[in-house]
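J.: Sharing protein.txt, compact mmCIF, N, CA and C atoms:
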# COMPACT_ATOMS: atom_id res chain seq x y z
N MET A 1388 107.13 105.22 92.29
CA MET A 1388 106.56 105.53 93.59
C MET A 1388 106.49 104.23 94.40
N ILE A 1389 106.82 104.32 95.67
CA ILE A 1389 106.80 103.18 96.58
C ILE A 1389 105.49 103.20 97.35
N ALA A 1390 104.85 102.04 97.45
CA ALA A 1390 103.67 101.89 98.30
C ALA A 1390 104.03 100.94 99.44
N VAL A 1391 103.39 101.12 100.58
CA VAL A 1391 103.69 100.28 101.74
C VAL A 1391 102.47 99.47 102.16
N ASP A 1392 102.75 98.28 102.64
CA ASP A 1392 101.73 97.34 103.08
C ASP A 1392 101.41 97.56 104.57
N THR A 1393 100.31 96.97 104.96
CA THR A 1393 99.84 97.05 106.34
C THR A 1393 100.90 96.63 107.33
N ASN A 1394 101.60 95.52 107.06
CA ASN A 1394 102.53 95.02 108.07
C ASN A 1394 103.62 96.03 108.40
N LEU A 1395 104.10 96.77 107.42
CA LEU A 1395 105.11 97.79 107.73
C LEU A 1395 104.54 98.91 108.58
N LEU A 1396 103.29 99.28 108.30
CA LEU A 1396 102.63 100.31 109.11
C LEU A 1396 102.47 99.85 110.55
N VAL A 1397 102.05 98.60 110.71
CA VAL A 1397 101.86 98.04 112.05
C VAL A 1397 103.19 98.00 112.79
N TYR A 1398 104.23 97.47 112.16
CA TYR A 1398 105.54 97.37 112.80
C TYR A 1398 106.09 98.75 113.15
N ALA A 1399 105.88 99.71 112.27
CA ALA A 1399 106.37 101.07 112.54
C ALA A 1399 105.65 101.69 113.73
N HIS A 1400 104.39 101.36 113.90
CA HIS A 1400 103.58 101.94 114.97
C HIS A 1400 103.79 101.24 116.32
N ARG A 1401 103.82 99.92 116.31
CA ARG A 1401 103.87 99.15 117.55
C ARG A 1401 105.30 99.00 118.03
N GLU A 1402 105.63 99.65 119.13
CA GLU A 1402 106.99 99.59 119.66
C GLU A 1402 107.35 98.19 120.15
N ASP A 1403 106.34 97.35 120.41
CA ASP A 1403 106.60 95.98 120.85
C ASP A 1403 106.77 95.01 119.69
N ALA A 1404 106.70 95.49 118.47
CA ALA A 1404 106.88 94.64 117.29
C ALA A 1404 108.37 94.34 117.09
N GLN A 1405 108.67 93.12 116.69
CA GLN A 1405 110.06 92.71 116.48
C GLN A 1405 110.78 93.61 115.47
N TRP A 1406 110.09 94.05 114.44
CA TRP A 1406 110.69 94.84 113.38
C TRP A 1406 110.41 96.33 113.54
N HIS A 1407 110.07 96.78 114.73
CA HIS A 1407 109.68 98.18 114.94
C HIS A 1407 110.75 99.16 114.47
N GLY A 1408 111.97 98.99 114.89
CA GLY A 1408 113.02 99.95 114.55
C GLY A 1408 113.22 100.10 113.05
N ALA A 1409 113.36 98.98 112.38
CA ALA A 1409 113.60 99.01 110.93
C ALA A 1409 112.39 99.56 110.18
N ALA A 1410 111.20 99.14 110.57
CA ALA A 1410 109.98 99.62 109.89
C ALA A 1410 109.76 101.10 110.15
N SER A 1411 110.01 101.52 111.37
CA SER A 1411 109.84 102.93 111.71
C SER A 1411 110.76 103.81 110.88
N ARG A 1412 112.00 103.37 110.70
CA ARG A 1412 112.96 104.12 109.87
C ARG A 1412 112.49 104.15 108.42
N CYS A 1413 112.02 103.03 107.91
CA CYS A 1413 111.55 102.97 106.51
C CYS A 1413 110.41 103.96 106.28
N ILE A 1414 109.42 103.94 107.16
CA ILE A 1414 108.26 104.82 107.00
C ILE A 1414 108.68 106.28 107.18
N ALA A 1415 109.54 106.55 108.16
CA ALA A 1415 110.00 107.93 108.37
C ALA A 1415 110.77 108.43 107.16
N ASP A 1416 111.62 107.59 106.58
CA ASP A 1416 112.38 107.99 105.40
C ASP A 1416 111.45 108.35 104.25
N LEU A 1417 110.40 107.55 104.06
CA LEU A 1417 109.44 107.84 103.00
C LEU A 1417 108.66 109.12 103.30
N ALA A 1418 108.16 109.22 104.53
CA ALA A 1418 107.31 110.35 104.91
C ALA A 1418 108.07 111.68 104.88
N GLU A 1419 109.35 111.64 105.19
CA GLU A 1419 110.13 112.86 105.25
C GLU A 1419 110.97 113.09 103.99
N GLY A 1420 110.92 112.15 103.06
CA GLY A 1420 111.73 112.24 101.85
C GLY A 1420 111.16 113.17 100.81
N GLN A 1421 111.85 113.24 99.69
CA GLN A 1421 111.47 114.12 98.59
C GLN A 1421 110.58 113.43 97.56
N GLY A 1422 110.60 112.10 97.54
CA GLY A 1422 109.82 111.37 96.54
C GLY A 1422 108.41 111.08 97.00
N LEU A 1423 107.56 110.81 96.02
CA LEU A 1423 106.20 110.40 96.35
C LEU A 1423 106.21 109.00 96.95
N TRP A 1424 105.30 108.74 97.87
CA TRP A 1424 105.11 107.41 98.42
C TRP A 1424 103.61 107.21 98.60
N ALA A 1425 103.19 105.98 98.80
CA ALA A 1425 101.76 105.71 98.80
C ALA A 1425 101.36 104.69 99.86
N ILE A 1426 100.11 104.81 100.26
CA ILE A 1426 99.47 103.80 101.11
C ILE A 1426 98.12 103.49 100.46
N PRO A 1427 97.85 102.22 100.16
CA PRO A 1427 96.52 101.86 99.68
C PRO A 1427 95.50 102.03 100.83
N TRP A 1428 94.34 102.59 100.53
CA TRP A 1428 93.31 102.76 101.55
C TRP A 1428 93.00 101.47 102.30
N PRO A 1429 92.92 100.32 101.63
CA PRO A 1429 92.64 99.09 102.39
C PRO A 1429 93.69 98.80 103.46
N CYS A 1430 94.93 99.23 103.24
CA CYS A 1430 95.98 99.01 104.23
C CYS A 1430 95.78 99.90 105.46
N ILE A 1431 95.24 101.07 105.26
CA ILE A 1431 94.94 101.94 106.42
C ILE A 1431 93.84 101.31 107.25
N HIS A 1432 92.79 100.81 106.59
CA HIS A 1432 91.70 100.17 107.33
C HIS A 1432 92.22 98.94 108.08
N GLU A 1433 93.03 98.14 107.41
CA GLU A 1433 93.56 96.93 108.03
C GLU A 1433 94.50 97.28 109.18
N PHE A 1434 95.30 98.34 109.02
CA PHE A 1434 96.17 98.80 110.11
C PHE A 1434 95.36 99.07 111.38
N ILE A 1435 94.29 99.84 111.24
CA ILE A 1435 93.46 100.17 112.40
C ILE A 1435 92.86 98.91 113.00
N ALA A 1436 92.37 98.01 112.15
CA ALA A 1436 91.77 96.77 112.64
C ALA A 1436 92.77 95.91 113.42
N ILE A 1437 94.00 95.84 112.95
CA ILE A 1437 95.00 94.99 113.59
C ILE A 1437 95.50 95.59 114.90
N VAL A 1438 95.92 96.85 114.88
CA VAL A 1438 96.54 97.40 116.10
C VAL A 1438 95.54 97.59 117.24
N THR A 1439 94.26 97.69 116.92
CA THR A 1439 93.26 97.86 117.99
C THR A 1439 92.64 96.54 118.43
N HIS A 1440 93.06 95.42 117.84
CA HIS A 1440 92.46 94.12 118.13
C HIS A 1440 93.06 93.52 119.40
N PRO A 1441 92.24 93.27 120.43
CA PRO A 1441 92.78 92.76 121.70
C PRO A 1441 93.29 91.32 121.62
N LYS A 1442 92.92 90.57 120.60
CA LYS A 1442 93.44 89.21 120.46
C LYS A 1442 94.77 89.18 119.70
N ILE A 1443 95.15 90.31 119.14
CA ILE A 1443 96.43 90.39 118.43
C ILE A 1443 97.47 91.08 119.31
N TYR A 1444 97.08 92.18 119.95
CA TYR A 1444 98.00 92.92 120.81
C TYR A 1444 97.41 93.09 122.20
N SER A 1445 98.25 92.86 123.20
CA SER A 1445 97.84 93.05 124.58
C SER A 1445 98.87 93.94 125.27
N PRO A 1446 98.53 95.17 125.54
CA PRO A 1446 97.24 95.79 125.27
C PRO A 1446 97.17 96.27 123.82
N PRO A 1447 95.96 96.34 123.28
CA PRO A 1447 95.82 96.88 121.92
C PRO A 1447 96.02 98.39 121.93
N THR A 1448 96.27 98.94 120.76
CA THR A 1448 96.36 100.38 120.64
C THR A 1448 94.96 100.96 120.78
N PRO A 1449 94.76 101.95 121.64
CA PRO A 1449 93.44 102.59 121.71
C PRO A 1449 93.08 103.21 120.36
N ILE A 1450 91.82 103.19 120.01
CA ILE A 1450 91.38 103.67 118.70
C ILE A 1450 91.83 105.11 118.44
N ASN A 1451 91.80 105.97 119.46
CA ASN A 1451 92.21 107.35 119.24
C ASN A 1451 93.71 107.44 118.90
N LYS A 1452 94.52 106.56 119.46
CA LYS A 1452 95.96 106.55 119.14
C LYS A 1452 96.20 106.02 117.73
N ALA A 1453 95.42 105.02 117.33
CA ALA A 1453 95.55 104.50 115.97
C ALA A 1453 95.17 105.57 114.95
N ILE A 1454 94.11 106.30 115.24
CA ILE A 1454 93.67 107.38 114.35
C ILE A 1454 94.72 108.49 114.31
N GLU A 1455 95.29 108.83 115.46
CA GLU A 1455 96.36 109.84 115.49
C GLU A 1455 97.54 109.41 114.63
N GLN A 1456 97.87 108.11 114.67
CA GLN A 1456 98.98 107.62 113.86
C GLN A 1456 98.68 107.79 112.37
N VAL A 1457 97.47 107.41 111.96
CA VAL A 1457 97.10 107.58 110.55
C VAL A 1457 97.16 109.05 110.17
N GLU A 1458 96.66 109.92 111.02
CA GLU A 1458 96.68 111.35 110.72
C GLU A 1458 98.10 111.88 110.60
N ALA A 1459 99.02 111.33 111.38
CA ALA A 1459 100.43 111.74 111.27
C ALA A 1459 100.98 111.36 109.89
N TRP A 1460 100.65 110.16 109.42
CA TRP A 1460 101.10 109.77 108.07
C TRP A 1460 100.45 110.65 107.02
N LEU A 1461 99.18 110.98 107.21
CA LEU A 1461 98.47 111.80 106.23
C LEU A 1461 99.05 113.21 106.12
N GLU A 1462 99.78 113.64 107.12
CA GLU A 1462 100.42 114.96 107.09
C GLU A 1462 101.63 115.01 106.15
N SER A 1463 102.12 113.85 105.75
CA SER A 1463 103.26 113.82 104.83
C SER A 1463 102.83 114.44 103.50
N PRO A 1464 103.48 115.53 103.08
CA PRO A 1464 103.05 116.21 101.86
C PRO A 1464 103.25 115.40 100.59
N ARG A 1465 104.05 114.35 100.64
CA ARG A 1465 104.35 113.54 99.46
C ARG A 1465 103.54 112.24 99.42
N LEU A 1466 102.63 112.05 100.39
CA LEU A 1466 101.83 110.82 100.46
C LEU A 1466 100.70 110.84 99.44
N VAL A 1467 100.55 109.72 98.74
CA VAL A 1467 99.45 109.50 97.81
C VAL A 1467 98.63 108.34 98.36
N LEU A 1468 97.32 108.52 98.46
CA LEU A 1468 96.44 107.46 98.93
C LEU A 1468 95.84 106.75 97.73
N LEU A 1469 95.97 105.44 97.71
CA LEU A 1469 95.53 104.66 96.55
C LEU A 1469 94.11 104.15 96.76
N ALA A 1470 93.23 104.51 95.84
CA ALA A 1470 91.83 104.11 95.91
C ALA A 1470 91.37 103.59 94.55
N GLU A 1471 90.24 102.93 94.55
CA GLU A 1471 89.65 102.42 93.32
C GLU A 1471 89.23 103.57 92.42
N THR A 1472 89.36 103.34 91.13
CA THR A 1472 88.88 104.27 90.11
C THR A 1472 87.97 103.48 89.17
N GLU A 1473 87.49 104.12 88.13
CA GLU A 1473 86.64 103.43 87.16
C GLU A 1473 87.39 102.30 86.45
N ASP A 1474 88.72 102.38 86.38
CA ASP A 1474 89.53 101.36 85.71
C ASP A 1474 89.93 100.20 86.63
N TYR A 1475 89.51 100.25 87.87
CA TYR A 1475 89.93 99.25 88.87
C TYR A 1475 89.60 97.82 88.45
N TRP A 1476 88.38 97.58 87.97
CA TRP A 1476 87.99 96.22 87.62
C TRP A 1476 88.89 95.64 86.54
N SER A 1477 89.34 96.47 85.61
CA SER A 1477 90.21 95.98 84.54
C SER A 1477 91.58 95.55 85.07
N LYS A 1478 91.93 95.98 86.26
CA LYS A 1478 93.20 95.58 86.87
C LYS A 1478 93.03 94.38 87.79
N ILE A 1479 91.96 94.37 88.59
CA ILE A 1479 91.82 93.27 89.56
C ILE A 1479 91.36 91.98 88.89
N ARG A 1480 90.55 92.07 87.87
CA ARG A 1480 90.04 90.85 87.22
C ARG A 1480 91.16 89.93 86.76
N PRO A 1481 92.13 90.41 85.98
CA PRO A 1481 93.20 89.49 85.55
C PRO A 1481 94.08 89.03 86.72
N ILE A 1482 94.23 89.85 87.74
CA ILE A 1482 95.01 89.44 88.91
C ILE A 1482 94.31 88.29 89.62
N LEU A 1483 93.00 88.39 89.78
CA LEU A 1483 92.24 87.32 90.43
C LEU A 1483 92.32 86.03 89.63
N LEU A 1484 92.19 86.13 88.32
CA LEU A 1484 92.20 84.94 87.48
C LEU A 1484 93.58 84.29 87.39
N SER A 1485 94.62 85.09 87.22
CA SER A 1485 95.96 84.53 87.01
C SER A 1485 96.60 84.01 88.29
N SER A 1486 96.24 84.58 89.42
CA SER A 1486 96.88 84.17 90.68
C SER A 1486 96.14 83.02 91.36
N ARG A 1487 94.95 82.69 90.87
CA ARG A 1487 94.17 81.56 91.39
C ARG A 1487 94.00 81.62 92.91
N ILE A 1488 93.56 82.74 93.38
CA ILE A 1488 93.39 82.93 94.81
C ILE A 1488 91.92 82.81 95.18
N SER A 1489 91.68 82.72 96.49
CA SER A 1489 90.31 82.69 97.02
C SER A 1489 90.36 83.15 98.47
N GLY A 1490 89.18 83.34 99.03
CA GLY A 1490 89.08 83.68 100.44
C GLY A 1490 89.82 84.95 100.82
N PRO A 1491 90.54 84.90 101.94
CA PRO A 1491 91.22 86.11 102.45
C PRO A 1491 92.25 86.70 101.50
N MET A 1492 92.76 85.88 100.57
CA MET A 1492 93.76 86.40 99.63
C MET A 1492 93.17 87.43 98.67
N VAL A 1493 91.84 87.50 98.59
CA VAL A 1493 91.21 88.50 97.73
C VAL A 1493 91.58 89.90 98.23
N HIS A 1494 91.71 90.06 99.56
CA HIS A 1494 92.14 91.37 100.10
C HIS A 1494 93.51 91.75 99.54
N ASP A 1495 94.44 90.80 99.53
CA ASP A 1495 95.77 91.08 99.00
C ASP A 1495 95.71 91.40 97.51
N ALA A 1496 94.85 90.69 96.78
CA ALA A 1496 94.69 90.97 95.35
C ALA A 1496 94.17 92.39 95.15
N ARG A 1497 93.30 92.84 96.03
CA ARG A 1497 92.77 94.21 95.96
C ARG A 1497 93.91 95.22 96.10
N VAL A 1498 94.76 95.00 97.09
CA VAL A 1498 95.90 95.89 97.31
C VAL A 1498 96.84 95.85 96.10
N ALA A 1499 97.11 94.65 95.58
CA ALA A 1499 97.97 94.53 94.42
C ALA A 1499 97.38 95.26 93.22
N ALA A 1500 96.08 95.10 92.99
CA ALA A 1500 95.43 95.77 91.86
C ALA A 1500 95.49 97.28 92.00
N LEU A 1501 95.32 97.79 93.20
CA LEU A 1501 95.44 99.24 93.41
C LEU A 1501 96.84 99.73 93.08
N CYS A 1502 97.84 98.96 93.47
CA CYS A 1502 99.22 99.35 93.16
C CYS A 1502 99.48 99.34 91.66
N VAL A 1503 99.02 98.30 90.98
CA VAL A 1503 99.20 98.22 89.52
C VAL A 1503 98.44 99.36 88.85
N LEU A 1504 97.22 99.59 89.28
CA LEU A 1504 96.38 100.65 88.71
C LEU A 1504 97.05 102.02 88.79
N HIS A 1505 97.73 102.28 89.92
CA HIS A 1505 98.32 103.59 90.15
C HIS A 1505 99.80 103.66 89.76
N GLY A 1506 100.31 102.63 89.10
CA GLY A 1506 101.68 102.67 88.59
C GLY A 1506 102.76 102.60 89.65
N ILE A 1507 102.49 101.91 90.74
CA ILE A 1507 103.48 101.77 91.82
C ILE A 1507 104.69 100.99 91.28
N THR A 1508 105.88 101.52 91.51
CA THR A 1508 107.10 100.87 91.02
C THR A 1508 107.64 99.84 92.00
N ALA A 1509 107.33 99.99 93.29
CA ALA A 1509 107.78 99.03 94.31
C ALA A 1509 106.75 98.98 95.43
N PHE A 1510 106.40 97.77 95.81
CA PHE A 1510 105.48 97.56 96.94
C PHE A 1510 106.28 96.97 98.07
N TRP A 1511 106.42 97.72 99.16
CA TRP A 1511 107.20 97.28 100.30
C TRP A 1511 106.30 96.52 101.26
N THR A 1512 106.67 95.27 101.53
CA THR A 1512 105.91 94.41 102.42
C THR A 1512 106.81 93.32 102.98
N ALA A 1513 106.43 92.80 104.13
CA ALA A 1513 107.11 91.64 104.70
C ALA A 1513 106.32 90.36 104.41
N ASP A 1514 105.28 90.47 103.61
CA ASP A 1514 104.39 89.36 103.29
C ASP A 1514 104.78 88.76 101.93
N ARG A 1515 105.31 87.53 101.96
CA ARG A 1515 105.77 86.88 100.72
C ARG A 1515 104.62 86.53 99.79
N ASP A 1516 103.39 86.49 100.29
CA ASP A 1516 102.24 86.14 99.45
C ASP A 1516 102.06 87.11 98.28
N PHE A 1517 102.53 88.33 98.42
CA PHE A 1517 102.34 89.32 97.35
C PHE A 1517 103.16 89.00 96.10
N SER A 1518 104.15 88.14 96.22
CA SER A 1518 104.97 87.80 95.06
C SER A 1518 104.17 87.02 94.01
N ARG A 1519 103.00 86.53 94.36
CA ARG A 1519 102.19 85.76 93.41
C ARG A 1519 101.43 86.63 92.42
N PHE A 1520 101.42 87.95 92.63
CA PHE A 1520 100.62 88.82 91.79
C PHE A 1520 101.46 89.41 90.65
N PRO A 1521 101.07 89.12 89.40
CA PRO A 1521 101.82 89.62 88.26
C PRO A 1521 101.74 91.15 88.16
N GLY A 1522 102.82 91.73 87.74
CA GLY A 1522 102.85 93.18 87.55
C GLY A 1522 103.15 93.97 88.80
N LEU A 1523 103.40 93.28 89.91
CA LEU A 1523 103.68 93.97 91.17
C LEU A 1523 105.12 93.66 91.59
N HIS A 1524 105.95 94.69 91.67
CA HIS A 1524 107.34 94.51 92.10
C HIS A 1524 107.36 94.60 93.63
N VAL A 1525 107.66 93.49 94.28
CA VAL A 1525 107.59 93.39 95.74
C VAL A 1525 109.00 93.43 96.33
N LYS A 1526 109.15 94.17 97.42
CA LYS A 1526 110.43 94.24 98.12
C LYS A 1526 110.16 94.25 99.62
N ASN A 1527 110.97 93.49 100.36
CA ASN A 1527 110.92 93.53 101.82
C ASN A 1527 112.08 94.42 102.28
N PRO A 1528 111.80 95.66 102.69
CA PRO A 1528 112.87 96.57 103.09
C PRO A 1528 113.44 96.27 104.47
N LEU A 1529 112.86 95.29 105.16
CA LEU A 1529 113.32 94.97 106.52
C LEU A 1529 114.48 93.98 106.53
N VAL A 1530 114.71 93.36 105.37
CA VAL A 1530 115.83 92.41 105.26
C VAL A 1530 116.68 92.81 104.07
N SER A 1531 117.95 92.43 104.13
CA SER A 1531 118.84 92.82 103.01
C SER A 1531 118.86 91.78 101.92
Here is the file; what I need is its structure written in the form of structure tokens.

T.:
Amino acid sequence: MIAVDTNLLVYAHREDAQWHGAASRCIADLAEGQGLWAIPWPCIHEFIAIVTHPKIYSPPTPINKAIEQVEAWLESPRLVLLAETEDYWSKIRPILLSSRISGPMVHDARVAALCVLHGITAFWTADRDFSRFPGLHVKNPLVS
């Protein structure tokens, strides 16, 4: 199962993003495809925070449009939402220790742990920082 990172969601949504076309096709292919695909809940929260932030986008996406976008993804019958379970700590603890991260990178470790916990086979992201997390197969679908 493929999971997608916040940056792909943002690029797919924002028509003014440099990678909009490629990201939009990637997300559409997953959403309309036959295989399961996933979004970690933290990535949905981060998506809303980024696209509605006036210091990141001018003009920012209105909150109702951001929510409509999330709801459109949620309509995909093959979408799996990744959330913490009782086994979550057993996955994030070794990731935190082995990757030697701190500060804002803890958010990325959370996403990585959710993917490992749920058996994600590929994590699609344009963020190279995710390559530091053991057990997570990272791919940037926007470049060949």

J.: Run DSSP on the backbone and give me the residues of stretch 1393-1529 of chain A it puts in alpha helix (DSSP H), as an NGL selection string.

T.: :A and (1393-1400 or 1407-1419 or 1428-1438 or 1450-1461 or 1475-1486 or 1492-1504)

J.: For atom CA of A:Ala1499 and atom CA of A:Leu1466, quote the distance in Å rounded to one decimal.

T.: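 Interatomic distance here is 17.8 Å.
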
J.: As a PyMOL selection string, please: the residues near A:Val1438 (cut-off 7 Å, all atoms listed in the file, same-chain neighbours under 2 positions excluded).

T.: chain A and resi 1397+1433-1436+1440-1441+1444+1446-1449

J.: Set the distance at 6 Å and use only C-alpha atoms: which residues neighbour stretch 1506-1518 of chain A once local chain neighbours fewer than 2 positions away are removed? I'd like the list as a list in words.

T.: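 Those residues are Met1388, Ile1389, Ala1390, Val1391, Asp1392, Cys1502, Val1503, Leu1504, Phe1520, His1524, Val1525, Lys1526 and Asn1527 of chain A.
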
J.: Run DSSP on the backbone and grab whatever in chain A lands in strand (DSSP E); send it over as a VMD selection string.

T.: chain A and resid 1389 to 1391 1424 to 1427 1466 to 1469 1509 to 1511 1525 to 1526

J.: What's the separation between atom C of A:Leu1396 and atom N of A:Ile1479, in Å to one decimal place?

T.: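 Taking atom C of A:Leu1396 and atom N of A:Ile1479, their separation equals 25.0 Å.
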
J.: To one decimal in Å, tell me the separation between atom CA of A:Pro1528 and atom CA of A:Leu1484.

T.: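 Value for the atom CA of A:Pro1528-atom CA of A:Leu1484 distance: 28.4 Å.
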
J.: Find the residue from A:Ser1485, A:Ser1477, A:Gln1456, A:Thr1439 that sits nearest to A:Leu1501; use only C-alpha atoms when measuring.

T.: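 Among the listed residues, A:Ser1477 lies closest to A:Leu1501.
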